[in-house]
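**Q** The file below is target39.cif, mmCIF, C-alpha atoms:
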```cif
data_final
#
loop_
_atom_site.label_atom_id
_atom_site.label_comp_id
_atom_site.auth_asym_id
_atom_site.auth_seq_id
_atom_site.Cartn_x
_atom_site.Cartn_y
_atom_site.Cartn_z
CA MET Z 287 49.99 19.48 -11.42
CA GLU Z 288 50.26 22.67 -13.49
CA ASN Z 289 47.14 24.06 -11.81
CA PHE Z 290 48.46 23.61 -8.26
CA THR Z 291 48.19 26.89 -6.33
CA PRO Z 292 50.07 26.28 -3.06
CA LEU Z 293 50.28 29.89 -1.88
CA SER Z 294 46.61 30.87 -2.24
CA ALA Z 295 45.55 27.43 -0.93
CA SER Z 296 47.69 27.86 2.20
CA ILE Z 297 46.57 31.44 2.88
CA GLY Z 298 42.92 30.53 2.29
CA GLY Z 299 43.24 27.47 4.52
CA LEU Z 300 44.76 29.55 7.33
CA LEU Z 301 41.83 32.00 7.06
CA ILE Z 302 39.28 29.16 7.14
CA GLY Z 303 40.98 27.60 10.17
CA SER Z 304 41.08 31.01 11.89
CA ALA Z 305 37.36 31.50 11.24
CA ALA Z 306 36.58 28.11 12.80
CA ALA Z 307 38.79 28.91 15.79
CA LEU Z 308 37.13 32.32 16.20
CA LEU Z 309 33.63 30.81 16.28
CA LEU Z 310 34.63 28.18 18.84
CA TRP Z 311 36.55 30.68 21.00
CA LEU Z 312 33.79 33.32 21.12
CA ASN Z 313 30.54 31.37 20.68
CA GLY Z 314 31.58 27.83 21.56
CA ARG Z 315 30.19 26.64 18.23
CA ILE Z 316 31.53 24.30 15.56
CA ALA Z 317 31.87 25.88 12.09
CA GLY Z 318 30.15 23.05 10.24
CA ILE Z 319 28.38 24.65 7.31
CA SER Z 320 25.89 21.84 6.57
CA GLY Z 321 24.71 21.86 10.20
CA ILE Z 322 24.56 25.66 10.33
CA VAL Z 323 22.44 25.74 7.15
CA SER Z 324 19.95 23.10 8.31
CA GLY Z 325 19.79 24.62 11.80
CA ALA Z 326 19.17 28.10 10.34
CA VAL Z 327 16.37 26.92 8.06
CA GLU Z 328 14.70 24.22 10.13
CA GLY Z 329 15.55 25.34 13.67
CA HIS Z 330 15.71 21.99 15.48
CA GLY Z 331 14.71 23.83 18.65
CA THR Z 332 18.10 25.55 18.92
CA PRO Z 333 19.01 29.24 18.42
CA ARG Z 334 18.84 30.30 14.78
CA GLY Z 335 19.99 33.92 14.90
CA TRP Z 336 23.74 33.33 15.03
CA ARG Z 337 23.42 30.79 12.21
CA TRP Z 338 21.82 33.32 9.87
CA MET Z 339 24.47 35.86 10.84
CA PHE Z 340 27.24 33.37 10.07
CA LEU Z 341 25.70 32.49 6.70
CA GLY Z 342 25.20 36.18 5.89
CA GLY Z 343 28.85 36.80 6.74
CA LEU Z 344 29.85 33.87 4.54
CA VAL Z 345 28.05 35.30 1.50
CA VAL Z 346 29.16 38.90 2.09
CA GLY Z 347 32.78 37.94 2.85
CA ALA Z 348 32.98 35.81 -0.28
CA LEU Z 349 31.28 38.49 -2.38
CA ALA Z 350 33.73 41.15 -1.17
CA ALA Z 351 36.67 38.85 -1.93
CA LEU Z 352 35.28 38.05 -5.38
CA MET Z 353 34.91 41.76 -6.14
CA ILE Z 354 38.54 42.42 -5.21
CA GLY Z 355 40.08 39.39 -6.89
CA GLU Z 356 38.71 38.28 -10.24
CA GLN Z 357 37.70 34.60 -10.27
CA PRO Z 358 35.80 33.83 -13.48
CA LEU Z 359 35.03 30.19 -12.62
CA ALA Z 360 33.59 30.89 -9.15
CA GLY Z 361 30.22 29.20 -8.84
CA VAL Z 362 30.40 27.55 -12.27
CA THR Z 363 30.01 23.77 -12.17
CA GLY Z 364 30.06 23.15 -15.92
CA VAL Z 365 27.30 20.55 -15.63
CA SER Z 366 23.56 20.74 -16.42
CA GLY Z 367 21.06 22.34 -14.05
CA PRO Z 368 19.23 19.08 -13.21
CA LEU Z 369 22.56 17.46 -12.36
CA VAL Z 370 23.49 20.38 -10.09
CA ILE Z 371 20.16 19.97 -8.25
CA THR Z 372 20.73 16.20 -8.00
CA ALA Z 373 24.20 16.83 -6.56
CA GLY Z 374 22.64 19.24 -4.04
CA LEU Z 375 20.03 16.66 -3.04
CA LEU Z 376 22.72 14.02 -2.44
CA VAL Z 377 24.92 16.45 -0.49
CA GLY Z 378 21.97 17.70 1.59
CA PHE Z 379 20.72 14.19 2.34
CA GLY Z 380 24.22 12.77 2.94
CA THR Z 381 25.53 15.53 5.19
CA ARG Z 382 22.38 15.41 7.31
CA LEU Z 383 22.57 11.62 7.66
CA GLY Z 384 26.32 11.75 8.25
CA SER Z 385 26.19 14.77 10.63
CA GLY Z 386 28.57 16.99 8.70
CA CYS Z 387 30.52 18.02 5.63
CA THR Z 388 34.01 19.13 4.66
CA SER Z 389 34.09 21.90 7.26
CA GLY Z 390 32.40 20.17 10.21
CA HIS Z 391 34.16 16.83 9.84
CA GLY Z 392 37.22 17.79 7.81
CA VAL Z 393 38.33 21.01 9.50
CA CYS Z 394 36.70 20.98 12.95
CA GLY Z 395 36.17 17.28 13.71
CA LEU Z 396 39.67 16.25 12.72
CA ALA Z 397 41.04 19.03 14.92
CA ARG Z 398 39.21 17.45 17.89
CA PHE Z 399 40.64 14.05 16.87
CA SER Z 400 37.11 12.70 16.44
CA LEU Z 401 37.10 9.14 15.11
CA ARG Z 402 33.68 9.74 13.52
CA SER Z 403 35.03 12.73 11.62
CA LEU Z 404 38.09 10.80 10.45
CA ALA Z 405 35.89 7.98 9.16
CA ALA Z 406 33.49 10.43 7.49
CA THR Z 407 36.30 12.46 5.88
CA LEU Z 408 38.02 9.39 4.44
CA THR Z 409 34.64 8.11 3.19
CA PHE Z 410 33.52 11.29 1.41
CA MET Z 411 36.98 11.87 -0.09
CA LEU Z 412 37.01 8.33 -1.47
CA ALA Z 413 33.41 8.52 -2.71
CA GLY Z 414 34.11 11.90 -4.34
CA ALA Z 415 37.26 10.64 -6.07
CA LEU Z 416 35.49 7.48 -7.26
CA THR Z 417 32.60 9.54 -8.62
CA VAL Z 418 34.91 11.83 -10.58
CA PHE Z 419 36.82 8.78 -11.84
CA VAL Z 420 33.64 7.16 -13.12
CA VAL Z 421 32.28 10.37 -14.66
CA ARG Z 422 35.54 11.45 -16.35
CA HIS Z 423 37.41 8.25 -17.09
CA VAL Z 424 34.82 5.46 -17.34
CA LEU Z 425 31.79 7.19 -18.84
CA GLY Z 426 34.13 9.56 -20.69
CA GLY Z 427 33.73 13.29 -20.99
CA MET R 263 21.08 40.73 26.09
CA ARG R 264 24.38 42.42 25.31
CA GLN R 265 26.10 39.05 25.14
CA VAL R 266 23.53 37.76 22.65
CA ASN R 267 24.24 40.74 20.38
CA LEU R 268 27.96 40.16 20.66
CA ARG R 269 27.41 36.53 19.69
CA MET R 270 25.62 37.71 16.53
CA LEU R 271 28.53 39.99 15.68
CA ALA R 272 31.03 37.19 16.36
CA ALA R 273 29.13 34.79 14.07
CA LEU R 274 29.00 37.44 11.33
CA ALA R 275 32.75 38.06 11.59
CA ALA R 276 33.60 34.33 11.64
CA GLY R 277 31.34 33.73 8.63
CA ALA R 278 32.92 36.61 6.68
CA LEU R 279 36.44 35.35 7.43
CA PHE R 280 35.39 31.85 6.38
CA GLY R 281 33.94 33.17 3.11
CA ILE R 282 37.08 35.18 2.33
CA GLY R 283 39.17 32.07 2.98
CA LEU R 284 37.04 29.99 0.60
CA VAL R 285 37.45 32.56 -2.20
CA VAL R 286 41.19 33.10 -1.60
CA SER R 287 41.78 29.32 -1.70
CA GLN R 288 39.55 29.14 -4.84
CA MET R 289 37.34 26.50 -3.25
CA THR R 290 34.38 28.52 -4.58
CA SER R 291 35.40 27.28 -8.05
CA PRO R 292 33.95 23.77 -8.54
CA ALA R 293 36.52 23.07 -11.30
CA LYS R 294 39.29 23.48 -8.72
CA VAL R 295 37.59 21.04 -6.33
CA LEU R 296 36.94 18.49 -9.09
CA ALA R 297 40.60 18.73 -10.15
CA PHE R 298 41.53 17.66 -6.61
CA LEU R 299 39.14 14.69 -6.73
CA ASP R 300 40.41 13.71 -10.20
CA VAL R 301 43.41 11.70 -9.01
CA ALA R 302 43.65 9.82 -12.34
CA GLY R 303 43.63 13.04 -14.40
CA ALA R 304 45.51 16.34 -14.11
CA TRP R 305 45.53 16.13 -10.32
CA ASP R 306 45.54 19.42 -8.40
CA PRO R 307 46.45 18.87 -4.72
CA SER R 308 45.38 22.42 -3.68
CA LEU R 309 42.34 21.28 -1.67
CA ALA R 310 44.49 19.03 0.51
CA LEU R 311 46.71 22.00 1.26
CA VAL R 312 43.66 24.15 2.14
CA MET R 313 42.49 21.54 4.62
CA GLY R 314 46.02 21.03 5.93
CA ALA R 315 46.55 24.76 6.49
CA ALA R 316 43.16 25.04 8.21
CA LEU R 317 44.06 22.14 10.51
CA LEU R 318 47.41 23.79 11.23
CA VAL R 319 45.34 26.52 12.91
CA THR R 320 42.43 24.51 14.34
CA ILE R 321 44.41 21.65 15.95
CA PRO R 322 46.42 23.84 18.35
CA ALA R 323 43.70 26.52 18.64
CA PHE R 324 40.92 24.06 19.54
CA ARG R 325 43.21 22.48 22.13
CA VAL R 326 43.82 25.82 23.84
CA ILE R 327 40.22 27.04 23.48
CA LEU R 328 38.57 23.84 24.75
CA GLY R 329 41.05 23.85 27.64
CA GLN R 330 39.50 27.15 28.81
CA GLY R 331 36.35 25.39 30.01
CA ARG R 332 33.89 27.82 28.37
CA PRO R 333 33.73 30.15 25.37
CA LEU R 334 34.06 33.90 25.81
CA LEU R 335 30.44 34.78 24.95
CA ASP R 336 28.45 31.72 26.09
CA GLU R 337 28.01 29.52 29.15
CA SER R 338 29.35 26.35 27.57
CA PHE R 339 30.71 24.79 24.40
CA HIS R 340 28.23 23.23 21.97
CA LEU R 341 30.01 20.13 20.75
CA PRO R 342 28.78 17.01 18.95
CA VAL R 343 28.09 14.19 21.40
CA LYS R 344 27.84 11.14 19.12
CA GLN R 345 30.75 8.73 19.37
CA SER R 346 29.73 5.62 17.44
CA LEU R 347 30.88 4.73 13.94
CA ASP R 348 27.51 3.65 12.58
CA ALA R 349 25.99 2.92 9.19
CA ARG R 350 24.23 6.33 9.12
CA LEU R 351 27.55 8.17 9.37
CA LEU R 352 29.27 6.14 6.65
CA THR R 353 26.26 5.97 4.32
CA GLY R 354 25.72 9.71 4.70
CA ALA R 355 29.38 10.51 4.08
CA ALA R 356 29.42 8.27 0.98
CA LEU R 357 26.28 9.92 -0.49
CA PHE R 358 27.72 13.33 0.27
CA GLY R 359 30.94 12.33 -1.53
CA ILE R 360 29.03 11.22 -4.61
CA GLY R 361 27.14 14.52 -4.79
CA TRP R 362 30.38 16.41 -4.17
CA GLY R 363 32.04 14.60 -7.07
CA LEU R 364 29.12 15.25 -9.44
CA ALA R 365 29.20 19.05 -9.27
CA GLY R 366 32.28 20.04 -7.26
CA PHE R 367 30.24 21.80 -4.58
CA CYS R 368 30.15 21.10 -0.86
CA PRO R 369 27.89 23.21 1.40
CA GLY R 370 30.35 25.98 2.39
CA PRO R 371 31.58 26.96 -1.07
CA ALA R 372 28.04 26.68 -2.53
CA VAL R 373 26.57 29.08 0.04
CA ALA R 374 29.60 31.39 -0.26
CA ALA R 375 29.14 31.48 -4.05
CA LEU R 376 25.47 32.56 -3.82
CA GLY R 377 26.66 36.11 -4.52
CA SER R 378 28.84 35.15 -7.48
CA GLY R 379 26.13 36.00 -10.00
CA GLN R 380 25.91 32.40 -11.20
CA SER R 381 22.78 30.24 -11.03
CA ASP R 382 24.51 26.95 -10.10
CA PRO R 383 25.00 27.82 -6.40
CA TRP R 384 21.26 28.62 -6.08
CA LEU R 385 20.23 25.37 -7.77
CA PHE R 386 22.66 23.44 -5.57
CA VAL R 387 21.52 25.08 -2.32
CA PHE R 388 17.88 24.41 -3.28
CA GLY R 389 18.77 20.69 -3.63
CA LEU R 390 20.78 20.87 -0.42
CA LEU R 391 17.81 22.15 1.59
CA VAL R 392 15.38 19.61 0.14
CA GLY R 393 17.83 16.71 0.62
CA GLY R 394 18.52 17.73 4.21
CA TRP R 395 14.82 18.13 4.93
CA VAL R 396 14.12 14.61 3.62
CA ALA R 397 16.98 13.09 5.64
CA GLY R 398 15.68 14.89 8.73
CA ARG R 399 12.43 12.94 8.37
CA MET R 400 14.15 9.56 8.32
CA PRO R 401 13.68 7.51 11.50
CA SER R 402 16.83 7.79 13.61
CA ARG R 403 16.87 4.05 14.30
CA GLY R 404 15.98 1.35 11.87
#
```
Do you think you could lay out the structure here as structure tokens?
**A**
Amino acid sequence: MENFTPLSASIGGLLIGSAAALLLWLNGRIAGISGIVSGAVEGHGTPRGWRWMFLGGLVVGALAALMIGEQPLAGVTGVSGPLVITAGLLVGFGTRLGSGCTSGHGVCGLARFSLRSLAATLTFMLAGALTVFVVRHVLGG
Amino acid sequence: MRQVNLRMLAALAAGALFGIGLVVSQMTSPAKVLAFLDVAGAWDPSLALVMGAALLVTIPAFRVILGQGRPLLDESFHLPVKQSLDARLLTGAALFGIGWGLAGFCPGPAVAALGSGQSDPWLFVFGLLVGGWVAGRMPSRG
């Protein structure tokens, strides 16, 4: 556990939770990134403007934070390009089918005590851990 | 009209705060996320603490906010309506988890890292859009 960073994790988590609370308080919207992305790009007959603004804020906020605090491994997966695209395909397909990702189910859904979000969160955590186990400890690496 | 503009500003501010939180918690670094998922290796529990700290805010805040009846800048809340634990939900979550474990990216950190100067977030988001588009064309019952 030598890489455990409890202070930055807690502060970052509080900021993420505050952002989700802010969006619900002002706009009445759930800060689920997968849904915001697909709604921004594809529309689904709902307003798209606020979604693009949120995503723009996400990129700019992160960029500003990255410029202030050095983080050399930000955005680096360490795996091949085709595998990154494959991972994206699975995440895009899965979050659409399962109506959410880490933010929508894990941060917002759990806060509403949604049974669907609890089931989804446990499922993607388990699937993620199993995948890493297979890649790192079964297939070797 | 004024309220619509304020909603845009609110979304921008919430997004920026969210992005700062992702960078501060280092969730924009896939290695950090994979270290959390690697329970049999050098396990790093940071991600659990990120989610826990976020919930520490959202659980009480959502309770108070939803108790207000309506948001400040809109007529009503826009909340998910589905209640059932169906195969779509669990299959989708499992596929998402597999993709998450392969590269260490989930949608938020990948989008936030688009400005990091790396190519991986762009490749991932490209896959994300295509995968979502395909899933959106699946029949909703079957």
**Q** Just need the box for segment 344-349 of chain R, edges along x, y and z, holding every atom the file lists for it with 5 Å tacked onto each side, so centre and edge lengths in Å to one decimal, as AutoDock Vina command-line options.
**A**
```
--center_x 28.4 --center_y 7.0 --center_z 14.3 --size_x 14.9 --size_y 18.2 --size_z 20.2
```
**Q** Of the candidates Z:Gly342, Z:Gly355, Z:Gly298, Z:Gly303, which one gets nearest to Met270 of chain R if we count only C-alpha atoms?
**A**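 Nearest to Met270 of chain R: Z:Gly342.
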**Q** Suppose you want the space between atom CA of Thr363 of chain Z and atom CA of Ala375 of chain R; what is it in Å?
**A**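 Going from atom CA of Thr363 of chain Z over to atom CA of Ala375 of chain R covers 11.2 Å.
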**Q** As a check of understanding, name the residues that the PyMOL selection byres ((chain R and resi 307) around 10) selects in the supplied structure, as a ChimeraX atom specification.
**A** /Z:287,289-292,295 /R:294-295,297-301,304-306,308-312
**Q** Could you pull the residues within 6 Å of segment 384-389 of chain Z, counting all atoms listed in the file, minus those fewer than 3 positions along the same chain, as a list in words?
**A**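 What passes the distance filter is Gly318, Ser320, Gly380, Thr381, Gly392 and Val393 of chain Z; Arg350, Leu351, Gly354 and Ala355 of chain R.
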**Q** Can you tell me how far atom CA of Gly299 of chain Z sits from atom CA of Ser291 of chain R, in Å to one decimal?
**A**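 Between atom CA of Gly299 of chain Z and atom CA of Ser291 of chain R the gap is 14.8 Å.
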**Q** The PyMOL selection byres ((chain Z and resi 411-422) around 9) on the file shown: which residues, as a list in words?
**A**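 The output of the PyMOL selection byres ((chain Z and resi 411-422) around 9) on this file is Ala406, Thr407, Leu408, Thr409, Phe410, His423, Val424, Leu425, Gly426 and Gly427 of chain Z; Leu296, Ala297, Phe298, Leu299, Asp300, Val301, Ala302, Gly303, Ala355, Ala356, Leu357, Phe358, Gly359, Ile360, Gly361, Trp362, Gly363, Leu364 and Gly366 of chain R.
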**Q** For atom CA of Ile354 of chain Z and atom CA of Leu268 of chain R, determine how far apart the two atoms are, in Å to one decimal place.
**A**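 Those two atoms sit 28.0 Å apart.
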**Q** When you count all atoms listed in the file, which of these residues is closest to Gly325 of chain Z: Z:Leu341, Z:Ala350, Z:Leu312, Z:Val365?
**A**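 Going through Z:Leu341, Z:Ala350, Z:Leu312, Z:Val365 one by one, the smallest distance to Gly325 of chain Z is for Z:Leu341.
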